[in-house]
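Participant: One file is attached below, protein-v5.cif, containing mmCIF, C-alpha atoms.
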```cif
data_query
#
loop_
_atom_site.label_atom_id
_atom_site.label_comp_id
_atom_site.auth_asym_id
_atom_site.auth_seq_id
_atom_site.Cartn_x
_atom_site.Cartn_y
_atom_site.Cartn_z
CA MET B 1 -10.23 52.88 -0.45
CA LYS B 2 -11.24 56.52 -0.39
CA LYS B 3 -12.38 58.00 2.89
CA SER B 4 -15.88 58.74 1.60
CA ALA B 5 -16.26 55.14 0.47
CA LEU B 6 -15.08 53.90 3.86
CA LEU B 7 -17.58 56.11 5.67
CA LEU B 8 -20.34 54.89 3.38
CA ALA B 9 -19.40 51.28 4.07
CA LEU B 10 -19.45 52.02 7.79
CA SER B 11 -22.88 53.60 7.52
CA LEU B 12 -24.22 50.52 5.74
CA ALA B 13 -22.81 48.17 8.34
CA ALA B 14 -23.95 50.35 11.21
CA CYS B 15 -27.49 50.87 9.94
CA GLY B 16 -28.12 47.26 8.98
CA ALA B 17 -28.68 47.74 5.24
CA SER B 18 -29.33 44.58 3.27
CA GLY B 19 -29.79 43.50 -0.30
CA GLY B 20 -33.29 42.19 0.17
CA GLY B 21 -36.33 43.53 1.89
CA GLU B 22 -39.94 44.38 1.28
CA GLY B 23 -41.35 47.03 -0.98
CA PRO B 24 -39.80 50.50 -0.84
CA ASP B 25 -41.00 53.17 1.54
CA ARG B 26 -40.27 56.58 0.04
CA ARG B 27 -39.74 59.55 2.34
CA PRO B 28 -38.83 63.17 1.56
CA GLY B 29 -35.07 63.48 1.28
CA ALA B 30 -34.65 59.71 1.20
CA GLN B 31 -34.46 57.06 -1.50
CA ALA B 32 -35.66 53.48 -1.16
CA LEU B 33 -32.78 51.09 -0.58
CA TYR B 34 -32.96 47.84 -2.55
CA ALA B 35 -29.33 46.72 -2.24
CA PRO B 36 -26.10 47.95 -0.66
CA ALA B 37 -24.94 49.31 -4.02
CA ALA B 38 -27.97 51.62 -4.09
CA ALA B 39 -26.69 53.31 -0.95
CA ALA B 40 -24.32 55.32 -3.11
CA SER B 41 -27.13 57.87 -2.99
CA ALA B 42 -26.38 58.36 0.70
CA ALA B 43 -23.99 61.28 0.37
CA VAL B 44 -23.50 64.98 0.99
CA GLU B 45 -23.86 67.66 -1.66
CA GLU B 46 -22.35 70.80 -0.16
CA HIS B 47 -24.50 73.94 -0.28
CA LEU B 48 -22.13 76.42 1.30
CA GLY B 49 -23.80 79.76 1.93
CA ALA B 50 -27.35 78.41 1.75
CA ARG B 51 -29.64 79.65 4.51
CA LEU B 52 -31.84 77.26 6.47
CA ASP B 53 -35.57 77.92 6.49
CA GLY B 54 -36.25 79.49 9.87
CA ALA B 55 -39.98 78.78 9.55
CA LEU B 56 -39.46 75.01 9.89
CA VAL B 57 -41.02 73.75 13.11
CA PHE B 58 -39.70 70.78 15.12
CA THR B 59 -40.47 69.23 18.52
CA ASP B 60 -37.81 69.15 21.23
CA MET B 61 -37.09 66.43 23.81
CA ASP B 62 -39.55 68.04 26.24
CA GLY B 63 -42.42 68.17 23.76
CA ARG B 64 -42.12 71.89 23.00
CA ARG B 65 -42.51 73.16 19.45
CA VAL B 66 -39.35 74.89 18.25
CA ARG B 67 -39.03 77.12 15.21
CA LEU B 68 -35.65 76.74 13.57
CA ALA B 69 -35.27 80.52 13.59
CA ASP B 70 -35.42 80.46 17.41
CA VAL B 71 -32.17 78.46 17.49
CA PHE B 72 -30.26 81.25 15.74
CA THR B 73 -29.93 84.19 18.10
CA GLY B 74 -27.89 86.29 15.70
CA ASP B 75 -24.76 86.39 17.85
CA LYS B 76 -23.55 82.78 18.17
CA PRO B 77 -22.52 80.17 15.57
CA VAL B 78 -24.37 76.87 15.69
CA LEU B 79 -23.12 73.32 15.23
CA LEU B 80 -25.82 71.12 13.67
CA VAL B 81 -25.81 67.32 13.86
CA LEU B 82 -28.25 65.20 11.84
CA ALA B 83 -28.69 61.83 13.55
CA TYR B 84 -31.61 59.49 13.99
CA TYR B 85 -31.98 58.28 17.55
CA ARG B 86 -32.71 54.61 16.80
CA CYS B 87 -29.49 54.25 14.79
CA PRO B 88 -27.60 51.25 16.21
CA MET B 89 -24.09 52.63 15.70
CA LEU B 90 -23.05 55.37 13.28
CA CYS B 91 -25.20 58.23 14.57
CA GLY B 92 -24.07 57.49 18.10
CA LEU B 93 -20.44 57.61 16.95
CA VAL B 94 -20.98 60.98 15.25
CA LEU B 95 -22.69 62.44 18.32
CA ARG B 96 -20.07 61.06 20.70
CA GLY B 97 -17.25 62.33 18.46
CA ALA B 98 -18.79 65.80 18.43
CA ALA B 99 -19.29 65.79 22.20
CA LEU B 100 -15.70 64.65 22.87
CA GLY B 101 -14.29 67.27 20.51
CA LEU B 102 -16.38 70.00 22.11
CA SER B 103 -15.25 68.83 25.55
CA ASP B 104 -11.69 69.78 24.62
CA LEU B 105 -12.73 73.34 23.74
CA GLU B 106 -12.10 76.01 26.32
CA TRP B 107 -15.36 77.66 25.28
CA THR B 108 -18.64 77.38 27.14
CA LEU B 109 -21.63 75.87 25.38
CA GLY B 110 -24.35 78.48 25.23
CA ARG B 111 -21.98 81.40 25.65
CA GLU B 112 -19.67 81.19 22.61
CA TYR B 113 -21.67 78.71 20.53
CA ARG B 114 -24.74 76.49 20.45
CA VAL B 115 -25.39 72.94 19.24
CA ILE B 116 -28.56 71.40 17.81
CA THR B 117 -29.31 67.78 16.92
CA VAL B 118 -32.16 66.92 14.54
CA SER B 119 -33.38 63.40 13.82
CA PHE B 120 -34.02 62.60 10.16
CA ASP B 121 -36.31 59.68 11.12
CA PRO B 122 -39.94 60.84 11.45
CA LYS B 123 -40.63 57.82 13.68
CA ASP B 124 -38.37 59.15 16.42
CA THR B 125 -40.22 60.52 19.45
CA MET B 126 -39.48 63.09 22.13
CA GLU B 127 -38.77 60.17 24.49
CA SER B 128 -36.09 58.79 22.17
CA ALA B 129 -34.74 62.33 21.73
CA ARG B 130 -34.53 62.74 25.52
CA ASP B 131 -32.73 59.40 25.95
CA LYS B 132 -30.25 60.14 23.16
CA ARG B 133 -29.55 63.60 24.56
CA LEU B 134 -28.85 62.16 28.01
CA SER B 135 -26.43 59.53 26.68
CA THR B 136 -24.67 62.07 24.43
CA LEU B 137 -24.17 64.67 27.15
CA GLN B 138 -22.50 62.06 29.34
CA SER B 139 -19.50 62.44 26.98
CA LEU B 140 -19.46 66.21 27.50
CA ARG B 141 -17.22 67.34 30.36
CA ARG B 142 -19.22 70.54 30.86
CA PRO B 143 -22.91 69.71 30.26
CA PRO B 144 -25.16 72.62 29.27
CA ALA B 145 -27.23 74.26 31.95
CA SER B 146 -30.44 74.01 29.94
CA GLY B 147 -31.92 72.15 27.01
CA ALA B 148 -31.98 75.34 24.93
CA GLU B 149 -28.19 75.21 24.59
CA TRP B 150 -28.19 71.76 22.95
CA PRO B 151 -31.72 70.66 22.04
CA PHE B 152 -32.50 67.31 20.43
CA LEU B 153 -35.35 67.69 17.95
CA THR B 154 -37.75 65.51 16.00
CA GLY B 155 -39.97 66.41 13.05
CA ASP B 156 -42.37 65.15 10.43
CA GLU B 157 -41.38 63.87 7.00
CA ALA B 158 -41.92 67.11 5.11
CA THR B 159 -40.00 69.23 7.63
CA ILE B 160 -37.09 66.79 7.79
CA GLY B 161 -37.00 66.58 4.00
CA ALA B 162 -36.88 70.36 3.63
CA LEU B 163 -34.00 70.67 6.11
CA ALA B 164 -32.05 67.78 4.56
CA ASP B 165 -32.49 69.21 1.06
CA THR B 166 -31.08 72.59 2.11
CA LEU B 167 -28.11 70.92 3.78
CA GLY B 168 -27.57 68.56 0.84
CA PHE B 169 -27.73 65.59 3.22
CA ARG B 170 -28.83 62.51 1.23
CA PHE B 171 -29.91 59.41 3.10
CA ALA B 172 -31.56 56.16 2.06
CA TYR B 173 -34.26 54.22 3.91
CA ASP B 174 -34.63 50.44 3.75
CA ALA B 175 -38.16 49.36 4.67
CA GLY B 176 -37.03 45.74 5.00
CA THR B 177 -34.68 46.51 7.88
CA ASP B 178 -36.36 49.73 9.01
CA ALA B 179 -32.96 51.43 8.94
CA TYR B 180 -31.14 54.18 7.09
CA ALA B 181 -27.93 54.41 5.13
CA HIS B 182 -26.51 57.89 5.59
CA PRO B 183 -23.25 59.85 5.54
CA ALA B 184 -21.36 60.95 8.63
CA ALA B 185 -21.17 64.74 8.70
CA ILE B 186 -21.88 67.73 10.92
CA PHE B 187 -22.50 71.34 9.91
CA ALA B 188 -21.14 74.67 11.16
CA LEU B 189 -23.74 77.42 10.70
CA THR B 190 -23.49 81.19 10.96
CA PRO B 191 -25.48 83.08 13.62
CA ASP B 192 -28.15 83.85 11.02
CA GLY B 193 -28.47 80.23 9.85
CA ARG B 194 -26.27 80.03 6.75
CA ILE B 195 -24.13 76.97 6.04
CA SER B 196 -20.50 77.87 6.68
CA ARG B 197 -18.62 74.55 6.82
CA TYR B 198 -19.12 70.78 6.54
CA LEU B 199 -17.06 68.48 8.78
CA TYR B 200 -16.96 64.77 7.98
CA GLY B 201 -16.38 61.54 9.86
CA VAL B 202 -16.92 60.44 13.45
CA ASP B 203 -13.84 62.01 15.02
CA PHE B 204 -13.81 65.80 15.32
CA SER B 205 -10.75 67.46 16.80
CA ALA B 206 -11.12 70.46 19.08
CA ARG B 207 -8.96 72.44 16.63
CA ASP B 208 -11.25 71.70 13.67
CA LEU B 209 -14.35 72.51 15.70
CA ARG B 210 -12.82 75.73 17.05
CA LEU B 211 -11.74 76.91 13.61
CA ALA B 212 -15.07 75.96 12.01
CA LEU B 213 -17.03 77.80 14.69
CA THR B 214 -14.68 80.79 14.54
CA GLU B 215 -15.15 80.89 10.77
CA ALA B 216 -18.93 80.55 11.12
CA GLY B 217 -18.98 83.21 13.83
CA GLU B 218 -17.55 85.71 11.32
CA GLY B 219 -15.03 87.08 13.80
CA ARG B 220 -17.51 87.46 16.65
CA THR B 221 -16.64 84.09 18.20
CA GLY B 222 -13.21 83.07 19.44
CA SER B 223 -10.19 85.00 20.58
CA ILE B 224 -7.74 87.00 18.52
CA VAL B 225 -5.52 83.90 18.61
CA ASP B 226 -8.28 81.84 16.98
CA ARG B 227 -8.70 84.44 14.25
CA VAL B 228 -4.93 84.51 13.65
CA LEU B 229 -4.89 80.70 13.47
CA LEU B 230 -7.67 80.83 10.89
CA THR B 231 -5.35 82.81 8.60
CA CYS B 232 -2.76 80.02 8.88
CA TYR B 233 -5.15 77.08 8.46
CA ARG B 234 -7.39 76.34 5.52
CA PHE B 235 -10.03 73.66 5.09
CA ASP B 236 -8.62 70.95 2.82
CA PRO B 237 -11.40 69.39 0.68
CA ALA B 238 -9.26 66.29 0.10
CA SER B 239 -8.65 65.43 3.75
CA ARG B 240 -11.82 67.24 4.89
CA ARG B 241 -9.87 68.75 7.74
CA PHE B 242 -8.33 72.10 8.57
CA GLY B 243 -4.62 71.95 7.73
CA PRO B 244 -1.62 74.27 7.80
CA TYR B 245 -1.75 76.90 5.08
CA LEU B 246 1.80 77.69 3.91
CA ALA B 247 1.00 81.14 2.57
CA GLY B 248 -0.68 81.98 5.86
CA PHE B 249 2.35 80.91 7.84
CA LEU B 250 4.59 82.88 5.50
CA ARG B 251 2.42 85.98 5.87
CA LEU B 252 2.32 85.58 9.63
CA GLY B 253 6.07 84.93 9.75
CA GLY B 254 6.71 87.95 7.53
CA SER B 255 4.57 90.10 9.82
CA PHE B 256 6.55 88.97 12.85
CA ILE B 257 9.84 89.65 11.05
CA LEU B 258 8.69 93.13 10.02
CA ALA B 259 7.47 93.84 13.53
CA ALA B 260 10.76 92.64 15.03
CA LEU B 261 12.77 94.64 12.50
CA GLY B 262 10.69 97.74 13.18
CA THR B 263 11.18 97.31 16.93
CA LEU B 264 14.94 96.89 16.46
CA LEU B 265 15.24 99.94 14.22
CA GLY B 266 13.13 101.98 16.59
CA THR B 267 15.28 100.95 19.55
CA LEU B 268 18.49 101.83 17.67
CA TRP B 269 17.05 105.18 16.59
CA LEU B 270 16.00 106.07 20.13
CA GLY B 271 19.40 105.02 21.45
CA GLU B 272 21.20 107.16 18.88
CA ARG B 273 18.94 110.12 19.60
CA ARG B 274 19.59 109.88 23.34
CA ARG B 275 23.35 109.63 22.73
CA ARG B 276 23.25 112.79 20.60
CA ASP B 277 21.16 114.61 23.20
CA ARG B 278 23.66 113.75 25.92
CA ALA B 279 26.58 114.90 23.74
CA ARG B 280 24.83 118.21 22.96
CA ARG B 281 24.10 118.84 26.62
CA ARG B 282 27.75 118.25 27.50
CA GLU B 283 28.82 120.73 24.81
CA GLU B 284 26.36 123.34 26.10
CA THR B 285 27.52 122.94 29.69
CA PRO B 286 30.14 125.65 30.51
#
```
Mind turning this structure into structure tokens?

Facilitator:
Amino acid sequence: MKKSALLLALSLAACGASGGGEGPDRRPGAQALYAPAAAASAAVEEHLGARLDGALVFTDMDGRRVRLADVFTGDKPVLLVLAYYRCPMLCGLVLRGAALGLSDLEWTLGREYRVITVSFDPKDTMESARDKRLSTLQSLRRPPASGAEWPFLTGDEATIGALADTLGFRFAYDAGTDAYAHPAAIFALTPDGRISRYLYGVDFSARDLRLALTEAGEGRTGSIVDRVLLTCYRFDPASRRFGPYLAGFLRLGGSFILAALGTLLGTLWLGERRRRDRARRREETP
């Protein structure tokens, strides 16, 4: 079974999708779910390079209105997680996987990067956002100092639909079970709000998160080591993970060889020059 099919099956099981149910309830960005087979519409269509609409307004876990543009400060990449807070399983797994992966980073949340979680269920409230944030941050070894560094947001149907459409995040709502079928994915965004990378699944390694955020940060986030690693690792669409890039390793290995050869030749040249200088001084000495 392909990985995407497995994730879709997991989302169906986790969100309680069923073949029956009452009449459909259409929502922006969602399709009515009549049967498990119809959940094939719950998928991701990648829109790399698309810019999120900064004018979209959400409500955070403290009841404050937040413009999406306010999340992007222009100097830090952002990790975005779409998850509805009433989800019985899958969304919690995605959030916990992201928190555990970020815990293994040596970076500080709020200093090198930011995270934002947005619910795609318009029935979620700031209370449910606050509860989900609290349970998620318990998996984070270094919790953020303030809510601004990892806010949990809610929104109305139109706002959620506009955000989901830009991201290419397709989910399906079943009115009979009052649950969603949805993919498992998170998004790395540039400091100005453009989509840089999609990461899939419920388990996100620190390496993948570091490379995705370094890539999204356009060289302004991460150390020189991270940027060198990015030349040796490429995102593999098949495995949906960053993997070793042979040409990058060869280039890096060639650079080291050239540097070592240059150092050796320079050392030999300096040694020979000093030997000749000593011989000349002996000849000039009466």

Participant: To one decimal place in Å, what is the distance between CA of Leu80 in chain B and CA of Phe58 in chain B?

Facilitator: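 Atom-to-atom, CA of Leu80 in chain B and CA of Phe58 in chain B are spaced 14.0 Å apart.
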
Participant: Hey, what comes out of the PyMOL selection byres ((chain B and resi 104-120) around 8) on this file? Could you write it as a ChimeraX atom specification?

Facilitator: /B:71,76-85,100-103,121-122,124,142-144,149-155,160-161,164,206,210,213,221-222

Participant: Restricting the output to C-alpha atoms, write the selected residues as an mmCIF file, keeping the file's coordinate frame.

Facilitator:
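File result15.cif, as written:
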```cif
data_model
loop_
_atom_site.group_PDB
_atom_site.id
_atom_site.type_symbol
_atom_site.label_atom_id
_atom_site.label_comp_id
_atom_site.auth_asym_id
_atom_site.auth_seq_id
_atom_site.Cartn_x
_atom_site.Cartn_y
_atom_site.Cartn_z
ATOM 1 C CA VAL B 71 -32.170 78.460 17.490
ATOM 2 C CA LYS B 76 -23.550 82.780 18.170
ATOM 3 C CA PRO B 77 -22.520 80.170 15.570
ATOM 4 C CA VAL B 78 -24.370 76.870 15.690
ATOM 5 C CA LEU B 79 -23.120 73.320 15.230
ATOM 6 C CA LEU B 80 -25.820 71.120 13.670
ATOM 7 C CA VAL B 81 -25.810 67.320 13.860
ATOM 8 C CA LEU B 82 -28.250 65.200 11.840
ATOM 9 C CA ALA B 83 -28.690 61.830 13.550
ATOM 10 C CA TYR B 84 -31.610 59.490 13.990
ATOM 11 C CA TYR B 85 -31.980 58.280 17.550
ATOM 12 C CA LEU B 100 -15.700 64.650 22.870
ATOM 13 C CA GLY B 101 -14.290 67.270 20.510
ATOM 14 C CA LEU B 102 -16.380 70.000 22.110
ATOM 15 C CA SER B 103 -15.250 68.830 25.550
ATOM 16 C CA ASP B 121 -36.310 59.680 11.120
ATOM 17 C CA PRO B 122 -39.940 60.840 11.450
ATOM 18 C CA ASP B 124 -38.370 59.150 16.420
ATOM 19 C CA ARG B 142 -19.220 70.540 30.860
ATOM 20 C CA PRO B 143 -22.910 69.710 30.260
ATOM 21 C CA PRO B 144 -25.160 72.620 29.270
ATOM 22 C CA GLU B 149 -28.190 75.210 24.590
ATOM 23 C CA TRP B 150 -28.190 71.760 22.950
ATOM 24 C CA PRO B 151 -31.720 70.660 22.040
ATOM 25 C CA PHE B 152 -32.500 67.310 20.430
ATOM 26 C CA LEU B 153 -35.350 67.690 17.950
ATOM 27 C CA THR B 154 -37.750 65.510 16.000
ATOM 28 C CA GLY B 155 -39.970 66.410 13.050
ATOM 29 C CA ILE B 160 -37.090 66.790 7.790
ATOM 30 C CA GLY B 161 -37.000 66.580 4.000
ATOM 31 C CA ALA B 164 -32.050 67.780 4.560
ATOM 32 C CA ALA B 206 -11.120 70.460 19.080
ATOM 33 C CA ARG B 210 -12.820 75.730 17.050
ATOM 34 C CA LEU B 213 -17.030 77.800 14.690
ATOM 35 C CA THR B 221 -16.640 84.090 18.200
ATOM 36 C CA GLY B 222 -13.210 83.070 19.440
#
```

Participant: Could you give me, as a tab-separated table, every range 138-179 of chain B residue with an atom at most 10 Å from range 88-97 of chain B, plus its closest atom pair and distance in Å to one decimal, counting all atoms listed in the file, rows ordered by chain then number?

Facilitator:
```
residue	atom	partner	partner_atom	distance
B:Gln138	CA	B:Arg96	CA	9.0
B:Ser139	CA	B:Arg96	CA	6.5
B:Leu140	CA	B:Arg96	CA	8.6
B:Ala179	CA	B:Pro88	CA	9.0
```

Participant: Can you list, as number ranges by chain, the residues that the PyMOL selection byres ((chain B and resi 199) around 12) selects here?

Facilitator: B: 44, 46, 79-81, 94, 97-98, 183-189, 195-198, 200-205, 207-213, 235-242

Participant: Using the chain letters and numbers from the file, which residues does the PyMOL selection byres ((chain B and resi 169) around 8) grab, as a list in words?

Facilitator: Gly29, Ala42, Ala43, Val44, Glu45, Ala164, Asp165, Thr166, Leu167, Gly168, Arg170, Phe171 and Pro183 of chain B

Participant: Could you save the residues just selected, with C-alpha atoms, as a tab-separated table (two decimals), keeping the file's coordinate frame?

Facilitator:
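Listed below is the output, selection-v7.tsv:
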```
chain	number	residue	atom	x	y	z
B	29	GLY	CA	-35.07	63.48	1.28
B	42	ALA	CA	-26.38	58.36	0.70
B	43	ALA	CA	-23.99	61.28	0.37
B	44	VAL	CA	-23.50	64.98	0.99
B	45	GLU	CA	-23.86	67.66	-1.66
B	164	ALA	CA	-32.05	67.78	4.56
B	165	ASP	CA	-32.49	69.21	1.06
B	166	THR	CA	-31.08	72.59	2.11
B	167	LEU	CA	-28.11	70.92	3.78
B	168	GLY	CA	-27.57	68.56	0.84
B	170	ARG	CA	-28.83	62.51	1.23
B	171	PHE	CA	-29.91	59.41	3.10
B	183	PRO	CA	-23.25	59.85	5.54
```

Participant: May I ask for the distance between CA of Thr159 in chain B and CA of Ala181 in chain B, given in Å to one decimal place?

Facilitator: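 Pair CA of Thr159 in chain B / CA of Ala181 in chain B returns 19.3 Å.
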
Participant: When you draw a straight line from CA of Thr190 in chain B to CA of Asp70 in chain B, how long is it in Å?

Facilitator: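 Here the two named atoms are 13.6 Å from each other.
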
Participant: Excluding Gly147 in chain B and residues on its chain fewer than 6 positions from it, collect all residues at most 10 Å away from it, counting all atoms listed in the file, and give them as a list in words.

Facilitator: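 The neighbour list is Asp60, Met61, Asp62, Ile116, Arg130 and Arg133 of chain B.
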
Participant: Have a look at B:Glu218, B:Ala172, B:Asp178, B:Cys87 and name the one nearest to Ser41 in chain B; count all atoms listed in the file.

Facilitator: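 Using all atoms listed in the file, the shortest distance to Ser41 in chain B belongs to B:Ala172.
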
Participant: Measuring atom to atom with only C-alpha atoms, identify which of B:Asp174, B:Asp131, B:Asp156, B:Glu215 is nearest to Leu56 in chain B.

Facilitator: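 Between B:Asp174, B:Asp131, B:Asp156, B:Glu215, the residue approaching Leu56 in chain B most closely is B:Asp156.
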